[in-house]
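For reference, the structure is listed below as structure tokens.
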Amino acid sequence: EVYTGFRLDPKGAQGAYDVKADIAVYGKTLGGGLPIGVVCGPKDLMQRGDKTKAARINYVIGTFAGHPFVMATMNAFLKWLQKPETIQSYDVMRENIDSFISRANASLEKKGYPIKLTHWFSVWSVLYTDPGRFHWMFQYYLKDAGVNLSWVGIGRLLFSLEWTRADYDRLLERLLVACEEMKKGGWWEPPVANIKQRLGIEVATAVAKNILGSFSQS
């Protein structure tokens with residue numbers, strides 16, 4: 001649950017898929033953003049010692065192990081997570097995301113842009129519906145339009161739990177602006193020639209010239 005914990009559901013992937021793991025691992029989200037690693041499980045699996053062998057002890061050590069500041073932020077986060085309004089905010093977020101993806105895809109298709117949005121809970125991505133050599137440039141048009149990307153590229157993007165409907169509306173507006181500018185630049189124009197065929201001819205021509213050149217020198 002290092003990545004999925006609290007991102008998909010208040011109970012992480014376990015809540016999203018209605019499963020109960022024997023052991024779960026959490027990262028810095030549980031620590032309110034501070035460095036921490038947490039292993040959770042039932043008492044019989046998490047016992048540090050073996051009652052039949054007194055010398056068999058599992059040591060838990062580390063630079064931030066049990067750090068008072070980290071423990072305090074984790075305590076505050078867990079108390080916040082248990083509030084009814086926090087749990088409800090996940091439902092609101094899912095409704096906003098479903099609405100945004102549906103409205104965005106309808107607008108993109110209507111305007112003829114070769115992209116489609118997909119999502120997995122609060123994680124979303126941009127897919128291309130037509131092949132193209134310059135799709136990689138779209139990320140820069142998004143940034144220029146004011147969309148802050150979490151990673152390089154558009155393969156994995158994130159929605160915030162704090163976002164309201166107005167934020168999603170603003171994102172859709174900026175997304176369409178980026179698409180229009182990308183289209184105006186001509187980067188989504190279909191190729192006028194068969195790229196593989198042209199490349200093959202160029203390579204074959206270069207090889208032939210090289211062979212002829214070696215013969216003439218000899």
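As shown in the structure tokens, the chain order sets the letters A, B, ...; within each chain, residues go from 1, and ligands are also counted from 1 in the order they appear.
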Checklist entry - Which of region 8-195 of chain A counts as helix (DSSP H, G or I) under DSSP, as a ChimeraX atom specification please? => result /A:12-16,43-46,68-81,84-111,135-144,165-184,195
Arg103 (chain A) surroundings by only C-alpha atoms, 10 Å radius, close-in-sequence under 6 positions cut, as a short mmCIF file (atom, residue, chain, number, x, y, z; two decimals) with N, CA, C and O atoms, in the first residue's frame:
```cif
data_model
loop_
_atom_site.label_atom_id
_atom_site.label_comp_id
_atom_site.auth_asym_id
_atom_site.auth_seq_id
_atom_site.Cartn_x
_atom_site.Cartn_y
_atom_site.Cartn_z
N ILE A 97 -14.33 12.86 -10.44
CA ILE A 97 -13.42 12.28 -11.43
C ILE A 97 -14.20 11.60 -12.55
O ILE A 97 -13.90 11.79 -13.74
N ASP A 169 -13.27 21.64 -13.69
CA ASP A 169 -13.70 22.46 -14.82
C ASP A 169 -12.52 23.26 -15.39
O ASP A 169 -12.37 23.39 -16.61
N LEU A 172 -10.23 20.95 -17.38
CA LEU A 172 -10.79 20.64 -18.69
C LEU A 172 -10.57 21.81 -19.66
O LEU A 172 -10.20 21.60 -20.82
#
```
Checklist entry - From the list A:Ile36, A:Ile115, A:Leu212, A:Met74, which residue is nearest Gly62 (chain A) when using only C-alpha atoms? => result A:Ile36
Next on the checklist: For a quick check of understanding, using only C-alpha atoms, which of A:Thr52, A:Thr129, A:Thr164, A:Gln139 has the smallest distance to Ser99 (chain A)?
Outcome noted: A:Thr164
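For the pair CA of Pro131 (chain A) and CA of Val207 (chain A), the separation is 28.7 Å.
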Checklist entry - So how far away is CA of Glu181 (chain A) from CA of Lys143 (chain A), in Å? => result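 CA of Glu181 (chain A) lies 11.9 Å from CA of Lys143 (chain A).
Of note, CA of Ala16 (chain A) and CA of Val2 (chain A) are spaced 14.6 Å apart.
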Checklist entry - Counting only C-alpha atoms, what is within 7 Å of Gly41 (chain A), bar same-chain residues fewer than 6 positions away, as a PyMOL selection string? => result chain A and resi 22-24
Checklist entry - Using only C-alpha atoms, which residue out of A:Ala104, A:Ala55, A:Leu161, A:Val60 lies closest to Ile87 (chain A)? => result A:Leu161
Checklist outcome for this item: Of A:Gln47, A:Asn194, A:Gln14, A:Thr4, the one sitting nearest Leu30 (chain A) when using only C-alpha atoms is A:Thr4
Item to check | Those of region 1-216 of chain A in DSSP strand (DSSP E), formatted as a list in words | outcome: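 Taking region 1-216 of chain A and keeping strand (DSSP E) only, one gets Ala24, Val25, Tyr26, Val38, Val39, Cys40, Gly49, Asp50, Lys53, Ala54, Ala55, Arg56, Ile57, Ile115, Lys116, Leu117, Thr118, His119, Trp120, Val123, Trp124, Ser125, Val126, Leu127, Tyr128, Leu157 and Leu158 of chain A.
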Preceding selection exported with N, CA, C and O atoms as a compact mmCIF listing (two decimals), in the first residue's frame:
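Final output, saved to selection-v2.txt:
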```txt
# COMPACT_ATOMS: atom_id res chain seq x y z
N ALA A 24 0.31 -5.62 5.47
CA ALA A 24 0.31 -4.46 4.58
C ALA A 24 1.49 -3.55 4.92
O ALA A 24 1.90 -3.45 6.08
N VAL A 25 2.03 -2.91 3.89
CA VAL A 25 3.17 -2.01 4.05
C VAL A 25 2.77 -0.61 3.60
O VAL A 25 2.18 -0.44 2.53
N TYR A 26 3.09 0.39 4.40
CA TYR A 26 2.76 1.78 4.08
C TYR A 26 4.02 2.64 4.08
O TYR A 26 5.01 2.30 4.74
N VAL A 38 5.99 1.53 7.45
CA VAL A 38 5.15 0.86 8.43
C VAL A 38 4.71 -0.50 7.91
O VAL A 38 4.24 -0.61 6.77
N VAL A 39 4.87 -1.52 8.71
CA VAL A 39 4.38 -2.86 8.40
C VAL A 39 3.26 -3.19 9.37
O VAL A 39 3.46 -3.11 10.59
N CYS A 40 2.09 -3.53 8.85
CA CYS A 40 0.91 -3.80 9.69
C CYS A 40 0.43 -5.23 9.47
O CYS A 40 0.52 -5.77 8.36
N GLY A 49 8.99 -11.51 18.86
CA GLY A 49 9.74 -12.61 19.45
C GLY A 49 9.04 -13.94 19.28
O GLY A 49 7.86 -14.00 18.90
N ASP A 50 9.75 -14.99 19.51
CA ASP A 50 9.23 -16.37 19.45
C ASP A 50 9.17 -16.89 20.87
O ASP A 50 10.21 -17.06 21.52
N LYS A 53 11.38 -19.74 21.62
CA LYS A 53 12.83 -19.55 21.50
C LYS A 53 13.14 -18.10 21.87
O LYS A 53 13.01 -17.20 21.05
N ALA A 54 13.55 -17.90 23.10
CA ALA A 54 13.72 -16.56 23.65
C ALA A 54 14.75 -15.73 22.90
O ALA A 54 14.65 -14.49 22.86
N ALA A 55 15.73 -16.34 22.31
CA ALA A 55 16.80 -15.59 21.63
C ALA A 55 16.39 -15.15 20.22
O ALA A 55 17.10 -14.36 19.59
N ARG A 56 15.28 -15.66 19.73
CA ARG A 56 14.83 -15.30 18.38
C ARG A 56 13.99 -14.02 18.46
O ARG A 56 12.80 -14.06 18.76
N ILE A 57 14.62 -12.90 18.17
CA ILE A 57 13.96 -11.58 18.26
C ILE A 57 14.18 -10.82 16.95
O ILE A 57 15.29 -10.81 16.41
N ILE A 115 -6.81 12.22 -28.67
CA ILE A 115 -6.48 11.75 -27.34
C ILE A 115 -7.75 11.33 -26.59
O ILE A 115 -8.85 11.74 -26.92
N LYS A 116 -7.52 10.50 -25.60
CA LYS A 116 -8.61 9.99 -24.76
C LYS A 116 -8.09 9.83 -23.34
O LYS A 116 -6.96 9.39 -23.14
N LEU A 117 -8.90 10.20 -22.36
CA LEU A 117 -8.50 10.08 -20.96
C LEU A 117 -9.01 8.79 -20.37
O LEU A 117 -10.10 8.32 -20.70
N THR A 118 -8.22 8.21 -19.49
CA THR A 118 -8.64 7.04 -18.74
C THR A 118 -8.17 7.21 -17.30
O THR A 118 -7.28 8.03 -17.03
N HIS A 119 -8.78 6.48 -16.39
CA HIS A 119 -8.37 6.65 -14.99
C HIS A 119 -8.57 5.38 -14.19
O HIS A 119 -9.35 4.48 -14.56
N TRP A 120 -7.82 5.29 -13.12
CA TRP A 120 -7.91 4.22 -12.14
C TRP A 120 -8.00 4.90 -10.78
O TRP A 120 -7.02 5.34 -10.23
N VAL A 123 -5.89 8.11 -10.07
CA VAL A 123 -4.74 8.10 -10.99
C VAL A 123 -5.29 8.12 -12.41
O VAL A 123 -6.14 7.31 -12.77
N TRP A 124 -4.81 9.05 -13.25
CA TRP A 124 -5.34 9.13 -14.60
C TRP A 124 -4.22 9.26 -15.62
O TRP A 124 -3.07 9.52 -15.28
N SER A 125 -4.57 9.03 -16.87
CA SER A 125 -3.58 9.01 -17.93
C SER A 125 -4.20 9.51 -19.23
O SER A 125 -5.42 9.48 -19.40
N VAL A 126 -3.34 9.95 -20.14
CA VAL A 126 -3.76 10.41 -21.47
C VAL A 126 -3.34 9.36 -22.50
O VAL A 126 -2.15 9.02 -22.59
N LEU A 127 -4.29 8.87 -23.27
CA LEU A 127 -4.02 7.89 -24.32
C LEU A 127 -4.20 8.56 -25.68
O LEU A 127 -5.00 9.49 -25.82
N TYR A 128 -3.48 8.08 -26.65
CA TYR A 128 -3.59 8.62 -28.01
C TYR A 128 -4.38 7.64 -28.89
O TYR A 128 -4.11 6.45 -28.90
N LEU A 157 -0.80 10.54 -14.02
CA LEU A 157 -1.14 11.83 -13.42
C LEU A 157 -2.04 11.60 -12.22
O LEU A 157 -2.66 10.54 -12.09
N LEU A 158 -2.14 12.59 -11.34
CA LEU A 158 -2.87 12.42 -10.09
C LEU A 158 -3.88 13.53 -9.86
O LEU A 158 -3.62 14.69 -10.16
```
Item to check | Shell of 10 Å around region 185-187 of chain A, only C-alpha atoms, local chain residues under 4 positions omitted, as a list in words | outcome: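 My reading of the contact set: Gly132, Arg133, Phe134, His135, Met137, Phe138, Cys179, Glu180, Glu181 and Pro191 of chain A.
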File of the preceding selection, N, CA, C and O atoms, as a PDB file, in the first residue's frame:
```
ATOM      1  N   GLY A 132       1.290   8.727 -34.006  1.00  0.00           N
ATOM      2  CA  GLY A 132       1.925   9.994 -34.335  1.00  0.00           C
ATOM      3  C   GLY A 132       3.339  10.045 -33.786  1.00  0.00           C
ATOM      4  O   GLY A 132       3.636   9.439 -32.750  1.00  0.00           O
ATOM      5  N   ARG A 133       4.204  10.788 -34.460  1.00  0.00           N
ATOM      6  CA  ARG A 133       5.599  10.870 -34.053  1.00  0.00           C
ATOM      7  C   ARG A 133       5.843  11.944 -33.002  1.00  0.00           C
ATOM      8  O   ARG A 133       6.890  11.964 -32.351  1.00  0.00           O
ATOM      9  N   PHE A 134       4.896  12.853 -32.825  1.00  0.00           N
ATOM     10  CA  PHE A 134       5.147  14.020 -31.981  1.00  0.00           C
ATOM     11  C   PHE A 134       4.226  14.097 -30.771  1.00  0.00           C
ATOM     12  O   PHE A 134       4.088  15.161 -30.159  1.00  0.00           O
ATOM     13  N   HIS A 135       3.606  12.974 -30.400  1.00  0.00           N
ATOM     14  CA  HIS A 135       2.729  12.983 -29.228  1.00  0.00           C
ATOM     15  C   HIS A 135       3.474  13.399 -27.959  1.00  0.00           C
ATOM     16  O   HIS A 135       2.878  13.962 -27.045  1.00  0.00           O
ATOM     17  N   MET A 137       5.285  15.729 -27.424  1.00  0.00           N
ATOM     18  CA  MET A 137       5.315  17.174 -27.232  1.00  0.00           C
ATOM     19  C   MET A 137       4.096  17.694 -26.479  1.00  0.00           C
ATOM     20  O   MET A 137       4.104  18.822 -25.969  1.00  0.00           O
ATOM     21  N   PHE A 138       3.057  16.859 -26.379  1.00  0.00           N
ATOM     22  CA  PHE A 138       1.817  17.325 -25.757  1.00  0.00           C
ATOM     23  C   PHE A 138       2.026  17.718 -24.302  1.00  0.00           C
ATOM     24  O   PHE A 138       1.369  18.636 -23.798  1.00  0.00           O
ATOM     25  N   CYS A 179      -4.704  21.241 -26.310  1.00  0.00           N
ATOM     26  CA  CYS A 179      -5.005  20.459 -27.515  1.00  0.00           C
ATOM     27  C   CYS A 179      -5.102  21.358 -28.741  1.00  0.00           C
ATOM     28  O   CYS A 179      -4.571  21.019 -29.815  1.00  0.00           O
ATOM     29  N   GLU A 180      -5.773  22.481 -28.611  1.00  0.00           N
ATOM     30  CA  GLU A 180      -5.948  23.386 -29.738  1.00  0.00           C
ATOM     31  C   GLU A 180      -4.609  23.959 -30.200  1.00  0.00           C
ATOM     32  O   GLU A 180      -4.352  24.067 -31.406  1.00  0.00           O
ATOM     33  N   GLU A 181      -3.747  24.318 -29.245  1.00  0.00           N
ATOM     34  CA  GLU A 181      -2.437  24.855 -29.596  1.00  0.00           C
ATOM     35  C   GLU A 181      -1.574  23.783 -30.260  1.00  0.00           C
ATOM     36  O   GLU A 181      -0.822  24.072 -31.195  1.00  0.00           O
ATOM     37  N   PRO A 191       0.928  11.888 -41.236  1.00  0.00           N
ATOM     38  CA  PRO A 191       2.142  11.895 -42.069  1.00  0.00           C
ATOM     39  C   PRO A 191       1.781  11.850 -43.556  1.00  0.00           C
ATOM     40  O   PRO A 191       0.835  11.183 -43.955  1.00  0.00           O
TER      41      PRO A 191
END
```
Item to check | From A:Ser122, A:Ser150, A:Thr73, A:Thr29, residue lying nearest Asp9 (chain A) [only C-alpha atoms] | outcome: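 Between A:Ser122, A:Ser150, A:Thr73, A:Thr29, the residue approaching Asp9 (chain A) most closely is A:Ser122.
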